[in-house]
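Novice: Once you've had a glance at the structure underneath, I'll fire off some questions.
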Amino acid sequence: MLIVQKYGGTSVGDLDRIENVAKRVAKTKDRGDDVVVVVSAMSGETNKLISYANHFSTNPSPREMDILLSSGERVTSALLAIALKEMGYDAVALTGRQAGIITDSIHTKARIEEIDTSKMRENLNEGKIVIVAGFQGITKNGMVTTLGRGGSDLSAVAIAGALKADLCEIYTDVDGVYTTDPRIVPNAKKIDKISYDEMLEFASLGAKVLQNRSVELAKKLNVNLVTRSSFNDNEGTLITKEENIMEKPVVSGIALDKNQARITLRGVSDKPGIAAKIFTTLADANINVDMIIQNVGEDGSTNLGFTVPENEFDRAKEIMLDLNASKNLEFDKDIAKVSIVGVGMKSHSGVAAKAFETLAAENINIEMISTSEIKISMVVKEKYSELAVRSLHDAYELDK
Ligand code: ADP
Ligand code: ASP
Ligand code: MG
């Protein structure tokens, strides 16, 4: 078998943990499997590098940020290869470029366009353990890029797809995907199997256990994806096609995204083209707008509110001030998005009503709502968001 194993930041968080990972990788190799390992930077490292850049600039150039941030993953890939060699295994560390990860040129959140697997294959054919620095690639013009926060998951899935690996294992610091973040709700339950679509909603809505683009790609390329812990041998969560899952609960879980901010424009003139202008400008700046609310207009004007990821908030704010579409702008970083996810919702009514009642009973005001076939998202004040998650988790009896 060919297995791609990805180890996240906590799993390689210090030298002992890198040694632990080396032992796990060695065990896989001893079993007779070929293995490609994708590593993250040591936990906290990427944030540390960002804070270094912010010491000099509030708006550091994305090109230089990519050179800076990609270094974290290079460190762990080299250390893991050194540790494995010392244990008597033939291992080789590759940077994103050496591994052939070709991306577009959107610095700090590049997309993988193709993977030239020749170098990885060559090394695998020589019996080597291939260790790839995650989260990074190279443009056709030779610029270093990174893939967005949590992007090592994407590296792993893309490599698994390109090499047609039998399995892609994402090793992290929890046993798998839970009904909600087990750090917020200690009695959350581990999910044994979850569909690509549900997992994609979960990940897009803030459950950072898997990066959303990695799930999207896994679905597209039909990659067998498992998340599990690097600290024990418990069975993890299998992410698979919906038809492989027998039991489909109405609600599978609750996601929380605190990395949200809202911009409200009051008194926008209520005529065709205004929304187009605002959202085209934001899209051109590569800002991901999420929820949008427009109120019923009065006196030829209307109110427009939308949310963006918190790390894109400063740029979005600047753009809105420049655009001058409304004299009355409000900016709010203290919001969070709480979402209920479940494919079973397609055929059940009353799920949303229960959510609204549950939050009302806790006196939590819902400031925005958006729904799809398989999710309900609500914006609430950030300070009440964990309480909201806990009470919803109870209300849908997800601990049972
Ligand atoms: P890594 O560094 O291994 O990539 P991350 O920190 O990115 O790990 O993701 C793992 C974390 O995701 C867990 O520690 C947990 O707090 C969080 N998490 C959020 N939602 C969930 C969920 N539904 N199931 C499991 N973990 C979750
Ligand atoms: N080190 C990067 C981050 O912290 C990528 C990753 O860990 O997946 O976002
Ligand atoms: Mg992660």
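Chain lettering (A, B, ...) mirrors the order of the structure tokens, residue numbering begins at 1 for each chain separately, and ligand numbering begins at 1 in order of display.
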Set the distance at 6 Å and use only C-alpha atoms: which residues neighbour A:Gln260 once local chain neighbours fewer than 5 positions away are removed? I'd like the list as a ChimeraX atom specification.

Specialist: /A:308-310,336

Novice: Within 7 Å of A:Leu392, counting only C-alpha atoms, which residues qualify if same-chain residues fewer than 3 places away don't, as an MDAnalysis selection string?

Specialist: chainID A and resid 355 358 388:389 395:396

Novice: Residues within 10 Å of A:Ile364, please, as a ChimeraX atom specification. Count only C-alpha atoms; anything in the same chain fewer than 3 positions from it doesn't count.

Specialist: /A:356-361,367,380-381,384-385,387-388

Novice: Can you tell me, as a list in words, what residues are no more than 12 Å from A:Leu15 when counting only C-alpha atoms, ignoring any on the same chain fewer than 4 positions away?

Specialist: Gly9, Thr10, Ser11, Glu19, Asn20, Val21, Ala22, Met42, Ser43, Val75, Thr76, Leu79, Leu80, Ile82 and Ala83 of chain A

Novice: As a quick test: using only C-alpha atoms and all ligand atoms, which residues lie no more than 6 Å away from ligand 3? Give them as a PyMOL selection string.

Specialist: chain A and resi 8+150+208-210

Novice: So how many Å separate atom CA of A:Gly142 and atom CA of A:Arg74, to one decimal?

Specialist: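 So the two atoms, atom CA of A:Gly142 and atom CA of A:Arg74, lie 16.9 Å apart.
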
Novice: Would you mind listing the residues within 10 Å of ligand 1, counting only C-alpha atoms and all ligand atoms, as a ChimeraX atom specification?

Specialist: /A:6-13,39-44,149-153,170-185,188-191,199,202-203,205-211,227-230,237,252-257

Novice: Could you pull the residues within 9 Å of A:Ile369, counting only C-alpha atoms, minus those fewer than 3 positions along the same chain, as a JSON list (two decimals) with N, CA, C and O atoms, in the first residue's frame?

Specialist:
[["chain", "number", "residue", "atom", "x", "y", "z"],
["A", 291, "MET", "N", -21.66, 35.60, 4.93],
["A", 291, "MET", "CA", -23.10, 35.87, 5.02],
["A", 291, "MET", "C", -23.41, 37.28, 4.58],
["A", 291, "MET", "O", -22.64, 38.21, 4.85],
["A", 293, "ILE", "N", -26.68, 40.16, 4.45],
["A", 293, "ILE", "CA", -28.07, 40.48, 4.79],
["A", 293, "ILE", "C", -28.39, 41.86, 4.23],
["A", 293, "ILE", "O", -27.61, 42.80, 4.38],
["A", 366, "ILE", "N", -29.87, 36.31, 18.09],
["A", 366, "ILE", "CA", -29.33, 35.88, 16.80],
["A", 366, "ILE", "C", -29.29, 37.10, 15.88],
["A", 366, "ILE", "O", -30.31, 37.72, 15.62],
["A", 376, "ILE", "N", -27.52, 25.16, 9.13],
["A", 376, "ILE", "CA", -28.12, 26.42, 9.57],
["A", 376, "ILE", "C", -27.01, 27.19, 10.28],
["A", 376, "ILE", "O", -26.39, 26.64, 11.19],
["A", 377, "SER", "N", -26.74, 28.41, 9.85],
["A", 377, "SER", "CA", -25.71, 29.20, 10.51],
["A", 377, "SER", "C", -26.34, 30.42, 11.17],
["A", 377, "SER", "O", -27.24, 31.03, 10.60],
["A", 378, "MET", "N", -25.84, 30.75, 12.34],
["A", 378, "MET", "CA", -26.34, 31.92, 13.07],
["A", 378, "MET", "C", -25.17, 32.74, 13.59],
["A", 378, "MET", "O", -24.23, 32.19, 14.15],
["A", 379, "VAL", "N", -25.26, 34.05, 13.40],
["A", 379, "VAL", "CA", -24.24, 34.94, 13.96],
["A", 379, "VAL", "C", -24.73, 35.41, 15.32],
["A", 379, "VAL", "O", -25.88, 35.84, 15.46]]

Novice: Here is a test: counting only C-alpha atoms and all ligand atoms, which residue of A:Arg31, A:Glu201, A:Ser214, A:Leu124 is nearest to ligand 2?

Specialist: A:Ser214

Novice: Between A:Thr28, A:Ser71, A:Thr281, A:Asn59, single out the one closest to ligand 2, counting only C-alpha atoms and all ligand atoms.

Specialist: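 The answer is A:Ser71, which sits nearest to ligand 2.
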